[in-house]
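Accompanying notes for the structure given below.
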Amino acid sequence: MSSNKPAETPTPTSFPKSVPVVIVGAGPTGITAATLLAQYGVQCVVLERWEDVYPKPRAVHADDEVCRILARVGVYDEFAAVSRPALGLRLLDPKMRILAEFRRDPKNGLHGFPQANMFDQPELEALLRANLKNQPGVMLRADVEVTHVTQVDPGRVRVQFTDRASGAQHVIDAAYVLGCDGANSMVRTAIGATMTDLHFEQRWLVIDVDTDAPLRQWEGVHQVCDPLRAGTYMRVSETRYRWEFQLLGDETAANYQSVGDILPLISPWLAGTSAEQLTLVRVTDYTFRARLADRWRDRNVFILGDAAHLTPPFVGQGMAAGLRDAMNLAWKLAGVLSGSLPEAVLDTYQQERKPHARTMIYVAVSVGWAMTAGGRLGNHFRRALVPLLRRLPGTRAAAEGVTPALHKSALVIKSDGRRLAGALCPNPVLDSGIRLDDAIAKRFSLITSSSLSDQQRDEMARRGAVVISTAPGSQLDGWLQKAGVGAALVRPDGAVMRAGRDVNALCDAMPSFRDFSDG
Ligand SMILES: Cc1cc2nc3c(=O)[nH]c(=O)nc-3n(C[C@H](O)[C@H](O)[C@H](O)COP(=O)(O)OP(=O)(O)OC[C@H]3O[C@@H](n4cnc5c(N)ncnc54)[C@H](O)[C@@H]3O)c2cc1C
């Protein structure tokens, strides 16, 4: 199947008969995957049930790794204009005394962006969708319901869907299908995957409020640890605020439909602001769950985002995990479709992403238990125990604002430079004045403190890779030195594939990677 033919230009009711990739679901995961694939010249059709982005607020926090992905898809500047750097996360006791604080750098951290950013998910999704229109070769078809995903032949997946307005049935064949269809994923069911319960289920009230009044709180996420009623507060934008509270007994959102109803809950943060100054944007209840799909792939069908994992939102990492899935899989799929990478690399998607997602879910669950467990007696022990959260695997990484390295795979080789393999490389501004990610521009790269021979440079260019020679004393030089290596082979998603002292061995290990956008 060729994927570099011009796309058919469909009328609103016509669809191509076949396409390299069909993406089910136009949430943040699906749109990110489509954009990244399109940047590699891979044509795809995105099928979405609803006409427009889901309008209700959900995600409000994005870390700097997510910003790196947003920069890559081309919406970071617009995102920065509508988001707000935050100072980190505080765990508080019921009397609002600080139990632990995880600070975040509101300027440019390791990845070149503020480490914690508050935003409104519908605003981000609107940016992602508008940006998708700039990608030739992607067709987004809204108002359709995907009903069947069937692997009819080796390498051919049939996607059946219904036009919700006309009831017309349609079929598209694809080489690959990405199920980015959220928590109730039909693609997950179609590949026979099931969700493993990671044993966390709580009902919470989610309140979004607008006010021009300054609340003058610490500009980070406040998590109140209180088994009688745990709660979260955060400022999302200039005028938007989010509170979340654990629901008690048979309470539902119906009990909290007016400003008067919510005042007793939110008053500790109001600093004298009157009820008349508050506008209720939304009150709803959610059941926060921790779940992980047992498998993320069946032959040519993959699941990504909430379809593959569900986390309670206590550390703001649910959408982030979906964007990481898209970033991890897109370049591999592009390389396989162009014939430059072997099909076997697609196995590395689940090998690398599933343990990472599991760790981040456990981090969220740990924070959730710290906030809610133990009854009244627990309050006495929490002051001593909560600071120890930093020492748990994964939690420690999250406390420092760095997520864990990817699990080993054929594309994460943890031999000599094991400290770096699977971790994201830093993203500093280079001497040329541009950021590393922009210099690498979605290709493989060799970051090296040793000089290469002309022959090696030619070979790297022939394999489609970029060579970044580190300046002595630079951030990248310090990064290599700290790990005790002379060079790192970095993948198109910014993760280190392999690092070591022997630059010749790394040159030899450099994969040949080309995509359709290379012509
Ligand atoms: C209260 C709350 C707070 C949160 N806070 C954060 C946070 O701070 N940070 C963070 O990173 N995450 C957070 N999250 C999680 C985040 O909102 C989700 O993880 C994210 O929306 C998942 O994106 P997705 O694209 O995978 O799935 P979704 O956003 O659910 O998108 C799936 C899409 O698939 C479509 N679809 C489904 N089935 C079909 C079908 N059969 N045919 C056609 N289309 C279909 C749906 O209409 C939908 O548009 C929060 C969630 C909640 C509820």
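Letters A, B, ... mark the chains of the structure tokens in the order given; residue numbers begin at 1 per chain; ligand numbers begin at 1, in order shown.
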**OP:** Using only C-alpha atoms and all ligand atoms, find each protein or nucleic acid residue lying at most 8 Å from ligand 1; present the set as a PyMOL selection string.
**Re:** chain A and resi 24-31+47-50+53-54+57-62+118+121+142-147+161+180-187+206+244+286+288+304-307+310-322
Subject >> Selection: 8 Å around A:Ser338, only C-alpha atoms, excl. self and same-chain fewer than 4 positions, as a list of chain:residue names >> reply: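 The filter keeps A:Ser3, A:Ala334, A:Arg514, A:Asp515, A:Phe516.
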Subject >> Secondary structure check, helix (DSSP H, G or I) residues of stretch 305-510 of chain A, as a ChimeraX atom specification >> reply: /A:305-307,313-315,318-337,343-372,375-391,395-399,436-440,454-462,475-482,503-509
Subject >> Atomic separation - atom CA of A:Arg324 relative to atom CA of A:Pro106, Å >> reply: 21.5 Å
Original post:
Quick one: of A:Met327, A:Ile440, A:Met139, A:Ile172, who's nearest to A:Gln151, counting only C-alpha atoms?
Top reply: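 That would be A:Ile172, the residue with the smallest distance to A:Gln151.
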Stretch 470-473 of chain A: which residues within 12 Å, counting only C-alpha atoms, same-chain residues fewer than 2 positions away excluded, as a compact mmCIF listing (two decimals) with N, CA and C atoms, in the first residue's frame?
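File written: part_28.txt
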```txt
# COMPACT_ATOMS: atom_id res chain seq x y z
N PRO A 428 17.54 21.86 25.33
CA PRO A 428 18.06 23.23 25.51
C PRO A 428 18.09 24.01 24.20
N VAL A 429 18.30 25.31 24.33
CA VAL A 429 18.56 26.14 23.15
C VAL A 429 20.03 25.92 22.77
N LEU A 430 20.28 25.59 21.51
CA LEU A 430 21.65 25.32 21.05
C LEU A 430 22.35 26.62 20.67
N ASP A 431 23.65 26.52 20.41
CA ASP A 431 24.41 27.72 20.03
C ASP A 431 23.81 28.40 18.79
N SER A 432 23.18 27.59 17.95
CA SER A 432 22.58 28.15 16.73
C SER A 432 21.35 29.01 17.05
N LEU A 436 16.84 22.17 20.72
CA LEU A 436 17.27 20.85 20.23
C LEU A 436 16.15 20.18 19.41
N LEU A 446 22.24 11.83 16.82
CA LEU A 446 23.35 11.38 17.65
C LEU A 446 23.87 12.61 18.37
N ILE A 447 23.75 12.61 19.70
CA ILE A 447 24.27 13.72 20.50
C ILE A 447 25.62 13.26 21.04
N THR A 448 26.67 13.96 20.67
CA THR A 448 28.00 13.43 20.97
C THR A 448 28.97 14.51 21.43
N SER A 449 29.82 14.12 22.38
CA SER A 449 30.89 15.03 22.80
C SER A 449 32.18 14.70 22.06
N SER A 450 32.20 13.59 21.29
CA SER A 450 33.39 13.25 20.48
C SER A 450 33.15 13.72 19.05
N SER A 451 34.25 13.98 18.35
CA SER A 451 34.03 14.38 16.96
C SER A 451 33.93 13.14 16.07
N LEU A 452 33.16 13.27 15.02
CA LEU A 452 32.97 12.16 14.09
C LEU A 452 33.85 12.38 12.86
N VAL A 467 23.41 14.97 13.45
CA VAL A 467 24.48 14.89 14.44
C VAL A 467 24.53 16.21 15.20
N ILE A 468 24.46 16.10 16.53
CA ILE A 468 24.55 17.29 17.38
C ILE A 468 25.84 17.15 18.19
N GLN A 475 24.70 22.46 28.37
CA GLN A 475 23.76 21.60 29.13
C GLN A 475 23.81 20.15 28.62
N LEU A 476 23.89 19.99 27.30
CA LEU A 476 23.92 18.64 26.74
C LEU A 476 25.22 17.93 27.11
N ASP A 477 26.33 18.68 27.12
CA ASP A 477 27.62 18.11 27.49
C ASP A 477 27.55 17.62 28.95
N GLY A 478 26.99 18.45 29.82
CA GLY A 478 26.85 18.10 31.23
C GLY A 478 25.96 16.89 31.40
N TRP A 479 24.92 16.81 30.59
CA TRP A 479 23.98 15.68 30.65
C TRP A 479 24.71 14.37 30.31
N LEU A 480 25.53 14.39 29.26
CA LEU A 480 26.28 13.17 28.89
C LEU A 480 27.28 12.83 29.99
N GLN A 481 28.00 13.85 30.44
CA GLN A 481 29.05 13.61 31.45
C GLN A 481 28.47 13.03 32.74
N LYS A 482 27.34 13.60 33.18
CA LYS A 482 26.73 13.14 34.43
C LYS A 482 26.38 11.64 34.35
N GLY A 486 29.74 9.24 26.41
CA GLY A 486 30.25 10.24 25.47
C GLY A 486 29.24 10.60 24.40
N ALA A 487 28.21 9.76 24.26
CA ALA A 487 27.24 10.02 23.19
C ALA A 487 25.92 9.32 23.49
N ALA A 488 24.86 9.84 22.90
CA ALA A 488 23.53 9.22 23.05
C ALA A 488 22.84 9.22 21.70
```
**OP:** Rounded to one decimal place, report the atom CA of A:Glu400-atom CA of A:Ala421 distance in Å.
**Re:**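 Atom CA of A:Ala421 lies 18.6 Å from atom CA of A:Glu400.
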**OP:** Identify all residues of stretch 215-421 of chain A in strand (DSSP E or B) (DSSP on the backbone) and supply them as a ChimeraX atom specification.
**Re:** /A:221-224,231-235,240-246,279-293,297-298,301-303,309-310,409,412
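Those residues that approach A:Val209 to within 9 Å, counting only C-alpha atoms, are Ile207, Thr211, Thr239, Arg240, Tyr241, Arg242, Trp243, Leu278, Thr279, Leu280, Val281, Arg282 and Val283 of chain A; same-chain residues fewer than 2 positions away are not listed.
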Selection export as a PDB file, in the first residue's frame, atoms kept: C-alpha atoms:
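Result written to selection_23.pdb:
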```
ATOM      1  CA  ILE A 207     -16.618  22.225  40.199  1.00  0.00           C
ATOM      2  CA  THR A 211     -14.681  35.022  38.912  1.00  0.00           C
ATOM      3  CA  THR A 239     -10.615  33.974  35.915  1.00  0.00           C
ATOM      4  CA  ARG A 240     -11.271  30.207  36.013  1.00  0.00           C
ATOM      5  CA  TYR A 241     -10.898  28.056  39.138  1.00  0.00           C
ATOM      6  CA  ARG A 242     -11.334  24.289  39.643  1.00  0.00           C
ATOM      7  CA  TRP A 243     -12.296  22.469  42.833  1.00  0.00           C
ATOM      8  CA  LEU A 278     -18.846  33.725  41.470  1.00  0.00           C
ATOM      9  CA  THR A 279     -20.271  32.211  38.289  1.00  0.00           C
ATOM     10  CA  LEU A 280     -20.755  28.469  38.251  1.00  0.00           C
ATOM     11  CA  VAL A 281     -19.411  27.087  34.954  1.00  0.00           C
ATOM     12  CA  ARG A 282     -19.991  23.440  35.661  1.00  0.00           C
ATOM     13  CA  VAL A 283     -20.671  21.025  38.497  1.00  0.00           C
TER      14      VAL A 283
END
```
Original post:
Residues at most 9 Å from A:Arg90, counting only C-alpha atoms, excluding those fewer than 4 positions away in the same chain, as a ChimeraX atom specification?
Top reply: /A:98-103,220-224
Using all heavy atoms, can you write the selected residues to a file as a PDB file, in the first residue's frame?
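So the final result, stored in again.pdb, reads:
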```pdb
ATOM      1  N   ILE A  98       0.780  22.692  55.470  1.00  0.00           N
ATOM      2  CA  ILE A  98       1.476  21.967  54.396  1.00  0.00           C
ATOM      3  C   ILE A  98       2.100  20.683  54.938  1.00  0.00           C
ATOM      4  O   ILE A  98       2.870  20.714  55.898  1.00  0.00           O
ATOM      5  CB  ILE A  98       2.582  22.852  53.769  1.00  0.00           C
ATOM      6  CG1 ILE A  98       1.968  24.116  53.179  1.00  0.00           C
ATOM      7  CG2 ILE A  98       3.363  22.083  52.707  1.00  0.00           C
ATOM      8  CD1 ILE A  98       2.991  25.154  52.759  1.00  0.00           C
ATOM      9  N   LEU A  99       1.741  19.544  54.294  1.00  0.00           N
ATOM     10  CA  LEU A  99       2.354  18.260  54.647  1.00  0.00           C
ATOM     11  C   LEU A  99       3.555  17.986  53.747  1.00  0.00           C
ATOM     12  O   LEU A  99       4.553  17.424  54.172  1.00  0.00           O
ATOM     13  CB  LEU A  99       1.328  17.130  54.455  1.00  0.00           C
ATOM     14  CG  LEU A  99       0.112  17.143  55.366  1.00  0.00           C
ATOM     15  CD1 LEU A  99      -0.919  16.130  54.872  1.00  0.00           C
ATOM     16  CD2 LEU A  99       0.525  16.814  56.793  1.00  0.00           C
ATOM     17  N   ALA A 100       3.423  18.332  52.479  1.00  0.00           N
ATOM     18  CA  ALA A 100       4.522  18.121  51.521  1.00  0.00           C
ATOM     19  C   ALA A 100       4.303  19.066  50.361  1.00  0.00           C
ATOM     20  O   ALA A 100       3.165  19.443  50.067  1.00  0.00           O
ATOM     21  CB  ALA A 100       4.532  16.679  51.027  1.00  0.00           C
ATOM     22  N   GLU A 101       5.411  19.440  49.721  1.00  0.00           N
ATOM     23  CA  GLU A 101       5.298  20.343  48.567  1.00  0.00           C
ATOM     24  C   GLU A 101       6.197  19.819  47.453  1.00  0.00           C
ATOM     25  O   GLU A 101       7.364  19.517  47.691  1.00  0.00           O
ATOM     26  CB  GLU A 101       5.726  21.752  48.983  1.00  0.00           C
ATOM     27  CG  GLU A 101       5.581  22.762  47.864  1.00  0.00           C
ATOM     28  CD  GLU A 101       5.778  24.194  48.365  1.00  0.00           C
ATOM     29  OE1 GLU A 101       5.090  24.588  49.326  1.00  0.00           O
ATOM     30  OE2 GLU A 101       6.635  24.885  47.801  1.00  0.00           O
ATOM     31  N   PHE A 102       5.625  19.665  46.254  1.00  0.00           N
ATOM     32  CA  PHE A 102       6.404  19.259  45.086  1.00  0.00           C
ATOM     33  C   PHE A 102       6.482  20.478  44.171  1.00  0.00           C
ATOM     34  O   PHE A 102       5.496  20.811  43.499  1.00  0.00           O
ATOM     35  CB  PHE A 102       5.732  18.081  44.373  1.00  0.00           C
ATOM     36  CG  PHE A 102       5.484  16.904  45.289  1.00  0.00           C
ATOM     37  CD1 PHE A 102       4.190  16.516  45.602  1.00  0.00           C
ATOM     38  CD2 PHE A 102       6.541  16.202  45.848  1.00  0.00           C
ATOM     39  CE1 PHE A 102       3.955  15.441  46.451  1.00  0.00           C
ATOM     40  CE2 PHE A 102       6.317  15.132  46.697  1.00  0.00           C
ATOM     41  CZ  PHE A 102       5.024  14.752  47.003  1.00  0.00           C
ATOM     42  N   ARG A 103       7.621  21.143  44.174  1.00  0.00           N
ATOM     43  CA  ARG A 103       7.778  22.413  43.430  1.00  0.00           C
ATOM     44  C   ARG A 103       7.986  22.165  41.945  1.00  0.00           C
ATOM     45  O   ARG A 103       8.603  21.188  41.561  1.00  0.00           O
ATOM     46  CB  ARG A 103       9.006  23.166  43.964  1.00  0.00           C
ATOM     47  CG  ARG A 103       8.728  23.858  45.265  1.00  0.00           C
ATOM     48  CD  ARG A 103       8.867  25.368  45.080  1.00  0.00           C
ATOM     49  NE  ARG A 103       8.136  26.066  46.121  1.00  0.00           N
ATOM     50  CZ  ARG A 103       7.625  27.268  45.971  1.00  0.00           C
ATOM     51  NH1 ARG A 103       7.719  27.904  44.831  1.00  0.00           N
ATOM     52  NH2 ARG A 103       6.993  27.856  46.946  1.00  0.00           N
ATOM     53  N   GLY A 220      -0.526  27.106  42.832  1.00  0.00           N
ATOM     54  CA  GLY A 220      -0.245  25.724  42.464  1.00  0.00           C
ATOM     55  C   GLY A 220      -1.462  24.889  42.810  1.00  0.00           C
ATOM     56  O   GLY A 220      -2.518  25.425  43.143  1.00  0.00           O
ATOM     57  N   VAL A 221      -1.317  23.564  42.729  1.00  0.00           N
ATOM     58  CA  VAL A 221      -2.443  22.678  43.034  1.00  0.00           C
ATOM     59  C   VAL A 221      -2.450  22.398  44.536  1.00  0.00           C
ATOM     60  O   VAL A 221      -1.432  21.993  45.091  1.00  0.00           O
ATOM     61  CB  VAL A 221      -2.311  21.367  42.236  1.00  0.00           C
ATOM     62  CG1 VAL A 221      -3.473  20.429  42.556  1.00  0.00           C
ATOM     63  CG2 VAL A 221      -2.241  21.652  40.744  1.00  0.00           C
ATOM     64  N   HIS A 222      -3.591  22.630  45.186  1.00  0.00           N
ATOM     65  CA  HIS A 222      -3.731  22.367  46.625  1.00  0.00           C
ATOM     66  C   HIS A 222      -4.497  21.040  46.761  1.00  0.00           C
ATOM     67  O   HIS A 222      -5.635  20.945  46.295  1.00  0.00           O
ATOM     68  CB  HIS A 222      -4.570  23.432  47.323  1.00  0.00           C
ATOM     69  CG  HIS A 222      -4.073  24.843  47.141  1.00  0.00           C
ATOM     70  ND1 HIS A 222      -4.435  25.865  48.010  1.00  0.00           N
ATOM     71  CD2 HIS A 222      -3.261  25.420  46.224  1.00  0.00           C
ATOM     72  CE1 HIS A 222      -3.869  26.991  47.617  1.00  0.00           C
ATOM     73  NE2 HIS A 222      -3.165  26.754  46.533  1.00  0.00           N
ATOM     74  N   GLN A 223      -3.905  20.050  47.404  1.00  0.00           N
ATOM     75  CA  GLN A 223      -4.608  18.776  47.633  1.00  0.00           C
ATOM     76  C   GLN A 223      -4.822  18.653  49.140  1.00  0.00           C
ATOM     77  O   GLN A 223      -3.843  18.512  49.886  1.00  0.00           O
ATOM     78  CB  GLN A 223      -3.759  17.586  47.171  1.00  0.00           C
ATOM     79  CG  GLN A 223      -3.262  17.671  45.744  1.00  0.00           C
ATOM     80  CD  GLN A 223      -4.228  17.045  44.766  1.00  0.00           C
ATOM     81  OE1 GLN A 223      -5.429  17.161  44.935  1.00  0.00           O
ATOM     82  NE2 GLN A 223      -3.721  16.409  43.741  1.00  0.00           N
ATOM     83  N   VAL A 224      -6.063  18.699  49.567  1.00  0.00           N
ATOM     84  CA  VAL A 224      -6.339  18.608  51.001  1.00  0.00           C
ATOM     85  C   VAL A 224      -6.530  17.135  51.377  1.00  0.00           C
ATOM     86  O   VAL A 224      -7.447  16.470  50.892  1.00  0.00           O
ATOM     87  CB  VAL A 224      -7.595  19.416  51.381  1.00  0.00           C
ATOM     88  CG1 VAL A 224      -7.826  19.349  52.890  1.00  0.00           C
ATOM     89  CG2 VAL A 224      -7.443  20.848  50.935  1.00  0.00           C
TER      90      VAL A 224
END
```
